[in-house]
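J.: Data: start.pdb, PDB, C-alpha atoms, pLDDT in the B column.
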ATOM      1  CA  MET A   1     224.370 122.502  90.724  1.00 47.00           C
ATOM      2  CA  THR A   2     226.427 125.201  89.026  1.00 55.00           C
ATOM      3  CA  ARG A   3     224.795 127.474  86.494  1.00 65.00           C
ATOM      4  CA  GLN A   4     225.971 126.914  82.935  1.00 70.00           C
ATOM      5  CA  THR A   5     227.209 129.857  80.892  1.00 79.00           C
ATOM      6  CA  ALA A   6     227.766 130.602  77.210  1.00 78.00           C
ATOM      7  CA  ASP A   7     231.420 129.606  77.692  1.00 81.00           C
ATOM      8  CA  GLN A   8     230.219 125.999  77.967  1.00 87.00           C
ATOM      9  CA  LEU A   9     228.450 126.059  74.597  1.00 95.00           C
ATOM     10  CA  ASP A  10     230.079 125.205  71.310  1.00 95.00           C
ATOM     11  CA  ARG A  11     229.804 127.092  68.037  1.00 96.00           C
ATOM     12  CA  ILE A  12     226.801 125.081  66.843  1.00 97.00           C
ATOM     13  CA  ASP A  13     224.833 125.664  70.060  1.00 97.00           C
ATOM     14  CA  LEU A  14     225.538 129.397  69.847  1.00 97.00           C
ATOM     15  CA  ASN A  15     224.439 129.460  66.201  1.00 97.00           C
ATOM     16  CA  ILE A  16     221.216 127.665  67.125  1.00 97.00           C
ATOM     17  CA  LEU A  17     220.531 130.265  69.825  1.00 97.00           C
ATOM     18  CA  ARG A  18     221.284 133.152  67.472  1.00 96.00           C
ATOM     19  CA  ILE A  19     219.065 131.790  64.693  1.00 97.00           C
ATOM     20  CA  LEU A  20     216.131 130.871  66.966  1.00 97.00           C
ATOM     21  CA  GLN A  21     216.305 134.264  68.634  1.00 96.00           C
ATOM     22  CA  GLU A  22     215.723 135.827  65.199  1.00 94.00           C
ATOM     23  CA  ASP A  23     212.961 133.394  64.214  1.00 95.00           C
ATOM     24  CA  GLY A  24     211.567 131.052  66.855  1.00 95.00           C
ATOM     25  CA  ARG A  25     209.059 129.608  64.349  1.00 95.00           C
ATOM     26  CA  LEU A  26     211.775 128.167  62.138  1.00 96.00           C
ATOM     27  CA  SER A  27     211.232 124.472  61.422  1.00 97.00           C
ATOM     28  CA  ASN A  28     213.770 122.013  62.779  1.00 97.00           C
ATOM     29  CA  VAL A  29     214.592 120.956  59.211  1.00 98.00           C
ATOM     30  CA  GLU A  30     215.431 124.548  58.219  1.00 98.00           C
ATOM     31  CA  LEU A  31     217.340 125.152  61.458  1.00 98.00           C
ATOM     32  CA  SER A  32     219.374 121.988  60.959  1.00 98.00           C
ATOM     33  CA  ARG A  33     220.192 123.077  57.394  1.00 97.00           C
ATOM     34  CA  ARG A  34     221.398 126.475  58.614  1.00 97.00           C
ATOM     35  CA  VAL A  35     223.688 124.992  61.292  1.00 97.00           C
ATOM     36  CA  ASN A  36     224.899 122.129  59.074  1.00 97.00           C
ATOM     37  CA  LEU A  37     223.501 119.267  61.143  1.00 97.00           C
ATOM     38  CA  SER A  38     221.019 116.548  60.345  1.00 97.00           C
ATOM     39  CA  PRO A  39     217.556 117.138  61.872  1.00 97.00           C
ATOM     40  CA  THR A  40     217.764 114.604  64.740  1.00 97.00           C
ATOM     41  CA  PRO A  41     220.984 115.902  66.381  1.00 98.00           C
ATOM     42  CA  CYS A  42     219.784 119.462  65.808  1.00 98.00           C
ATOM     43  CA  LEU A  43     216.509 118.765  67.619  1.00 98.00           C
ATOM     44  CA  GLU A  44     218.432 117.066  70.441  1.00 98.00           C
ATOM     45  CA  ARG A  45     220.555 120.202  70.844  1.00 98.00           C
ATOM     46  CA  VAL A  46     217.487 122.471  70.865  1.00 98.00           C
ATOM     47  CA  ARG A  47     215.823 120.294  73.516  1.00 98.00           C
ATOM     48  CA  ARG A  48     219.009 120.332  75.622  1.00 97.00           C
ATOM     49  CA  LEU A  49     219.235 124.134  75.313  1.00 97.00           C
ATOM     50  CA  GLU A  50     215.601 124.360  76.444  1.00 97.00           C
ATOM     51  CA  ARG A  51     216.128 121.903  79.306  1.00 96.00           C
ATOM     52  CA  ASP A  52     219.282 123.708  80.468  1.00 95.00           C
ATOM     53  CA  GLY A  53     217.450 127.058  80.495  1.00 95.00           C
ATOM     54  CA  TYR A  54     219.244 128.813  77.649  1.00 96.00           C
ATOM     55  CA  ILE A  55     215.941 128.921  75.764  1.00 97.00           C
ATOM     56  CA  GLN A  56     213.235 130.107  78.138  1.00 96.00           C
ATOM     57  CA  GLY A  57     210.328 130.060  75.698  1.00 95.00           C
ATOM     58  CA  TYR A  58     208.978 131.261  72.377  1.00 94.00           C
ATOM     59  CA  ALA A  59     206.730 134.257  71.734  1.00 92.00           C
ATOM     60  CA  ALA A  60     205.275 136.386  68.943  1.00 92.00           C
ATOM     61  CA  ARG A  61     206.077 140.103  68.713  1.00 92.00           C
ATOM     62  CA  LEU A  62     202.808 142.027  68.603  1.00 94.00           C
ATOM     63  CA  ASP A  63     202.063 145.507  67.251  1.00 95.00           C
ATOM     64  CA  PRO A  64     201.045 147.699  70.222  1.00 95.00           C
ATOM     65  CA  GLU A  65     199.304 150.272  68.009  1.00 95.00           C
ATOM     66  CA  ARG A  66     197.028 147.679  66.436  1.00 97.00           C
ATOM     67  CA  LEU A  67     196.180 146.429  69.921  1.00 97.00           C
ATOM     68  CA  GLY A  68     195.351 149.888  71.280  1.00 96.00           C
ATOM     69  CA  ARG A  69     198.477 150.227  73.447  1.00 97.00           C
ATOM     70  CA  SER A  70     200.412 152.900  71.568  1.00 95.00           C
ATOM     71  CA  LEU A  71     201.380 155.130  74.516  1.00 98.00           C
ATOM     72  CA  MET A  72     204.568 154.014  76.260  1.00 98.00           C
ATOM     73  CA  ALA A  73     206.025 155.527  79.410  1.00 98.00           C
ATOM     74  CA  PHE A  74     208.837 154.857  81.823  1.00 98.00           C
ATOM     75  CA  ILE A  75     208.143 155.556  85.476  1.00 98.00           C
ATOM     76  CA  GLU A  76     210.605 155.979  88.303  1.00 98.00           C
ATOM     77  CA  VAL A  77     209.105 154.770  91.578  1.00 98.00           C
ATOM     78  CA  ARG A  78     210.440 155.630  95.008  1.00 98.00           C
ATOM     79  CA  LEU A  79     209.134 153.705  98.002  1.00 97.00           C
ATOM     80  CA  ASP A  80     208.628 155.192 101.442  1.00 95.00           C
ATOM     81  CA  ARG A  81     210.714 152.410 103.047  1.00 93.00           C
ATOM     82  CA  THR A  82     213.243 149.959 101.679  1.00 90.00           C
ATOM     83  CA  SER A  83     212.408 146.865 103.656  1.00 93.00           C
ATOM     84  CA  PRO A  84     211.811 143.309 102.434  1.00 95.00           C
ATOM     85  CA  ASP A  85     208.081 143.435 103.230  1.00 95.00           C
ATOM     86  CA  VAL A  86     207.566 146.672 101.253  1.00 96.00           C
ATOM     87  CA  PHE A  87     209.607 145.311  98.332  1.00 96.00           C
ATOM     88  CA  GLN A  88     207.512 142.134  98.292  1.00 97.00           C
ATOM     89  CA  LEU A  89     204.227 144.015  98.539  1.00 97.00           C
ATOM     90  CA  PHE A  90     205.243 146.210  95.618  1.00 98.00           C
ATOM     91  CA  ALA A  91     206.480 143.272  93.504  1.00 97.00           C
ATOM     92  CA  ASP A  92     203.263 141.328  94.094  1.00 98.00           C
ATOM     93  CA  ALA A  93     201.117 144.323  93.125  1.00 98.00           C
ATOM     94  CA  VAL A  94     202.945 145.171  89.892  1.00 98.00           C
ATOM     95  CA  ALA A  95     202.964 141.516  88.820  1.00 97.00           C
ATOM     96  CA  ARG A  96     199.164 141.723  88.624  1.00 97.00           C
ATOM     97  CA  MET A  97     199.089 144.863  86.428  1.00 98.00           C
ATOM     98  CA  ASP A  98     198.781 144.114  82.715  1.00 96.00           C
ATOM     99  CA  GLU A  99     199.848 147.636  81.737  1.00 97.00           C
ATOM    100  CA  ILE A 100     203.335 147.000  83.139  1.00 98.00           C
ATOM    101  CA  GLN A 101     205.634 145.337  80.623  1.00 97.00           C
ATOM    102  CA  GLU A 102     208.802 145.553  82.681  1.00 98.00           C
ATOM    103  CA  CYS A 103     209.678 146.376  86.266  1.00 98.00           C
ATOM    104  CA  HIS A 104     213.262 146.559  87.496  1.00 98.00           C
ATOM    105  CA  MET A 105     214.610 147.205  90.978  1.00 97.00           C
ATOM    106  CA  VAL A 106     217.491 149.639  90.506  1.00 97.00           C
ATOM    107  CA  ALA A 107     220.234 151.274  92.543  1.00 96.00           C
ATOM    108  CA  GLY A 108     220.354 155.054  92.634  1.00 93.00           C
ATOM    109  CA  GLY A 109     217.945 157.887  93.371  1.00 93.00           C
ATOM    110  CA  PHE A 110     214.800 155.739  93.139  1.00 96.00           C
ATOM    111  CA  ASP A 111     213.846 152.109  93.763  1.00 97.00           C
ATOM    112  CA  TYR A 112     212.134 150.816  90.597  1.00 98.00           C
ATOM    113  CA  LEU A 113     212.005 151.625  86.909  1.00 98.00           C
ATOM    114  CA  ILE A 114     208.787 150.540  85.217  1.00 98.00           C
ATOM    115  CA  LYS A 115     207.876 150.372  81.529  1.00 98.00           C
ATOM    116  CA  VAL A 116     204.147 150.647  80.804  1.00 98.00           C
ATOM    117  CA  ARG A 117     202.008 150.557  77.663  1.00 98.00           C
ATOM    118  CA  VAL A 118     198.502 152.016  77.640  1.00 98.00           C
ATOM    119  CA  ALA A 119     196.026 153.312  75.059  1.00 98.00           C
ATOM    120  CA  ASP A 120     196.368 157.054  75.619  1.00 97.00           C
ATOM    121  CA  MET A 121     196.989 159.791  78.173  1.00 97.00           C
ATOM    122  CA  ALA A 122     193.602 159.257  79.854  1.00 98.00           C
ATOM    123  CA  ALA A 123     194.401 155.563  80.293  1.00 98.00           C
ATOM    124  CA  TYR A 124     197.823 156.473  81.673  1.00 98.00           C
ATOM    125  CA  ARG A 125     196.295 158.925  84.152  1.00 98.00           C
ATOM    126  CA  ALA A 126     193.852 156.235  85.327  1.00 98.00           C
ATOM    127  CA  PHE A 127     196.675 153.708  85.646  1.00 98.00           C
ATOM    128  CA  LEU A 128     198.854 156.090  87.644  1.00 98.00           C
ATOM    129  CA  GLY A 129     196.121 157.363  89.927  1.00 96.00           C
ATOM    130  CA  ASP A 130     194.014 154.251  90.418  1.00 97.00           C
ATOM    131  CA  LYS A 131     196.632 151.516  90.341  1.00 98.00           C
ATOM    132  CA  LEU A 132     200.300 152.418  90.698  1.00 98.00           C
ATOM    133  CA  SER A 133     200.004 155.258  93.212  1.00 96.00           C
ATOM    134  CA  SER A 134     197.564 153.269  95.314  1.00 96.00           C
ATOM    135  CA  ILE A 135     200.115 150.547  96.082  1.00 97.00           C
ATOM    136  CA  GLN A 136     200.992 150.719  99.754  1.00 94.00           C
ATOM    137  CA  GLY A 137     204.549 151.999 100.132  1.00 96.00           C
ATOM    138  CA  VAL A 138     204.732 154.100  96.947  1.00 97.00           C
ATOM    139  CA  ALA A 139     206.032 157.500  98.019  1.00 97.00           C
ATOM    140  CA  GLN A 140     206.754 159.199  94.707  1.00 97.00           C
ATOM    141  CA  THR A 141     206.708 158.652  90.951  1.00 98.00           C
ATOM    142  CA  HIS A 142     208.288 160.455  88.004  1.00 98.00           C
ATOM    143  CA  THR A 143     207.039 159.717  84.497  1.00 98.00           C
ATOM    144  CA  TYR A 144     208.859 159.951  81.184  1.00 98.00           C
ATOM    145  CA  MET A 145     206.592 159.712  78.130  1.00 98.00           C
ATOM    146  CA  VAL A 146     208.134 158.102  75.058  1.00 98.00           C
ATOM    147  CA  MET A 147     207.953 160.387  72.035  1.00 97.00           C
ATOM    148  CA  GLU A 148     209.694 158.016  69.624  1.00 96.00           C
ATOM    149  CA  GLU A 149     210.806 154.415  70.000  1.00 94.00           C
ATOM    150  CA  VAL A 150     214.266 154.460  68.434  1.00 96.00           C
ATOM    151  CA  LYS A 151     215.226 150.848  69.155  1.00 95.00           C
ATOM    152  CA  SER A 152     213.266 148.006  70.660  1.00 93.00           C
ATOM    153  CA  THR A 153     214.612 144.491  70.845  1.00 91.00           C
ATOM    154  CA  ALA A 154     214.424 141.534  73.143  1.00 90.00           C
ATOM    155  CA  ALA A 155     217.511 140.014  71.505  1.00 92.00           C
ATOM    156  CA  ILE A 156     220.417 139.123  73.745  1.00 94.00           C
ATOM    157  CA  PRO A 157     223.870 139.301  72.159  1.00 94.00           C
ATOM    158  CA  VAL A 158     225.102 135.746  71.555  1.00 94.00           C
ATOM    159  CA  PRO A 159     228.871 135.263  71.397  1.00 90.00           C
ATOM    160  CA  VAL A 160     230.381 134.293  68.039  1.00 87.00           C
ATOM    161  CA  ARG A 161     232.950 131.502  67.919  1.00 81.00           C
TER     162      ARG A 161
END
Write out the structure in this file as structure tokens.
T.:
Amino acid sequence: MTRQTADQLDRIDLNILRILQEDGRLSNVELSRRVNLSPTPCLERVRRLERDGYIQGYAARLDPERLGRSLMAFIEVRLDRTSPDVFQLFADAVARMDEIQECHMVAGGFDYLIKVRVADMAAYRAFLGDKLSSIQGVAQTHTYMVMEEVKSTAAIPVPVR
């Protein structure tokens, strides 16, 4: 089965994606009005986009400060070996850590770039010392504390037709 791409979607599908990405709680009636369809065909398109994997889910954006997670940091992680077993061990460990919002394997001078959110510097120090650095295979970390969040979005650019 070949993976579908945005090239295979028409203008209405792309508009649905763009609108739902802005407001996933929009009612089907309102969505159908905005894309100039009646509700039933609109809902059928949304269900197809979900089934085909274009829409992976719906979520609320939460305020990290109100939830006591106002300190954000990015951490470069270098492993002592780059072998499949070490990669898997690391991936399994970080998947269990709630403080980690994102973890990306990267090419370059280090192996992973991690985004974490914690309450404060003491919580970060505990996370680094007790959790991240204790993962077998972690050789070195470099931390970059976020002073100001200039832009934060989960939106993916949707082509316009």
J.: Pull out every residue that the PyMOL selection byres ((chain A and resi 13) around 12) matches in the shown coordinates and put them as JSON, numbers by chain.
T.: {"A": [5, 6, 7, 8, 9, 10, 11, 12, 14, 15, 16, 17, 18, 19, 20, 31, 32, 34, 35, 36, 37, 41, 42, 43, 44, 45, 46, 47, 48, 49, 50, 52, 54, 55, 158, 159, 160, 161]}
J.: Point out the residue among A:Gln4, A:Glu22, A:Ala107, A:Ser70 with the least atom-to-atom distance to A:Ile156, counting all atoms listed in the file.
T.: A:Glu22
J.: Compare A:Gln21, A:Ser27, A:Thr153, A:Thr141 by their minimum atom-to-atom distance to A:Ala73, counting all atoms listed in the file, and give me the closest one.
T.: A:Thr141
J.: Near A:Glu65, within 12 Å and counting all atoms listed in the file, which residues show up once chain neighbours fewer than 2 positions away are dropped, as an mmCIF file with C-alpha atoms, in the coordinates of the input?
T.:
data_model
loop_
_atom_site.group_PDB
_atom_site.id
_atom_site.type_symbol
_atom_site.label_atom_id
_atom_site.label_comp_id
_atom_site.auth_asym_id
_atom_site.auth_seq_id
_atom_site.Cartn_x
_atom_site.Cartn_y
_atom_site.Cartn_z
ATOM 1 C CA LEU A 62 202.808 142.027 68.603
ATOM 2 C CA ASP A 63 202.063 145.507 67.251
ATOM 3 C CA LEU A 67 196.180 146.429 69.921
ATOM 4 C CA GLY A 68 195.351 149.888 71.280
ATOM 5 C CA ARG A 69 198.477 150.227 73.447
ATOM 6 C CA SER A 70 200.412 152.900 71.568
ATOM 7 C CA LEU A 71 201.380 155.130 74.516
ATOM 8 C CA MET A 72 204.568 154.014 76.260
ATOM 9 C CA ARG A 117 202.008 150.557 77.663
ATOM 10 C CA VAL A 118 198.502 152.016 77.640
ATOM 11 C CA ALA A 119 196.026 153.312 75.059
ATOM 12 C CA ASP A 120 196.368 157.054 75.619
#
J.: Could you tell me, as a compact mmCIF listing (two decimals) with C-alpha atoms, in the coordinates of the input, exactly which residues end up selected when the PyMOL selection byres ((chain A and resi 140) around 12) is applied to this structure?
T.:
# COMPACT_ATOMS: atom_id res chain seq x y z
CA ILE A 75 208.14 155.56 85.48
CA GLU A 76 210.60 155.98 88.30
CA VAL A 77 209.10 154.77 91.58
CA ARG A 78 210.44 155.63 95.01
CA LEU A 79 209.13 153.71 98.00
CA ASP A 80 208.63 155.19 101.44
CA ARG A 81 210.71 152.41 103.05
CA GLY A 109 217.94 157.89 93.37
CA PHE A 110 214.80 155.74 93.14
CA ASP A 111 213.85 152.11 93.76
CA TYR A 112 212.13 150.82 90.60
CA LEU A 128 198.85 156.09 87.64
CA GLY A 129 196.12 157.36 89.93
CA LEU A 132 200.30 152.42 90.70
CA SER A 133 200.00 155.26 93.21
CA SER A 134 197.56 153.27 95.31
CA ILE A 135 200.12 150.55 96.08
CA GLN A 136 200.99 150.72 99.75
CA GLY A 137 204.55 152.00 100.13
CA VAL A 138 204.73 154.10 96.95
CA ALA A 139 206.03 157.50 98.02
CA THR A 141 206.71 158.65 90.95
CA HIS A 142 208.29 160.46 88.00
CA THR A 143 207.04 159.72 84.50
J.: What gap, in Å, lies between atom CA of A:Pro84 and atom CA of A:Met97?
T.: 20.5 Å
J.: For A:Glu99, which residue out of A:Phe74, A:Phe127, A:Tyr144, A:Tyr58 is the nearest one, using only C-alpha atoms?
T.: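 Closest to A:Glu99, using only C-alpha atoms: A:Phe127.
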J.: What does the structure give for the distance between atom CA of A:Arg61 and atom CA of A:Phe90, in Å to one decimal?
T.: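 These atoms are spaced 27.6 Å apart.
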J.: Quick one: distance from atom CA of A:Gln101 to atom CA of A:Thr82 in Å, one decimal?
T.: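 According to the coordinates, atom CA of A:Gln101 and atom CA of A:Thr82 are separated by 22.9 Å.
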J.: Give the answer as one residue: which of A:Thr40, A:Pro64, A:Lys131, A:Ile114 has the shortest atom-to-atom distance to A:Glu149, using all atoms listed in the file?
T.: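 Result for the nearest residue to A:Glu149: A:Pro64.
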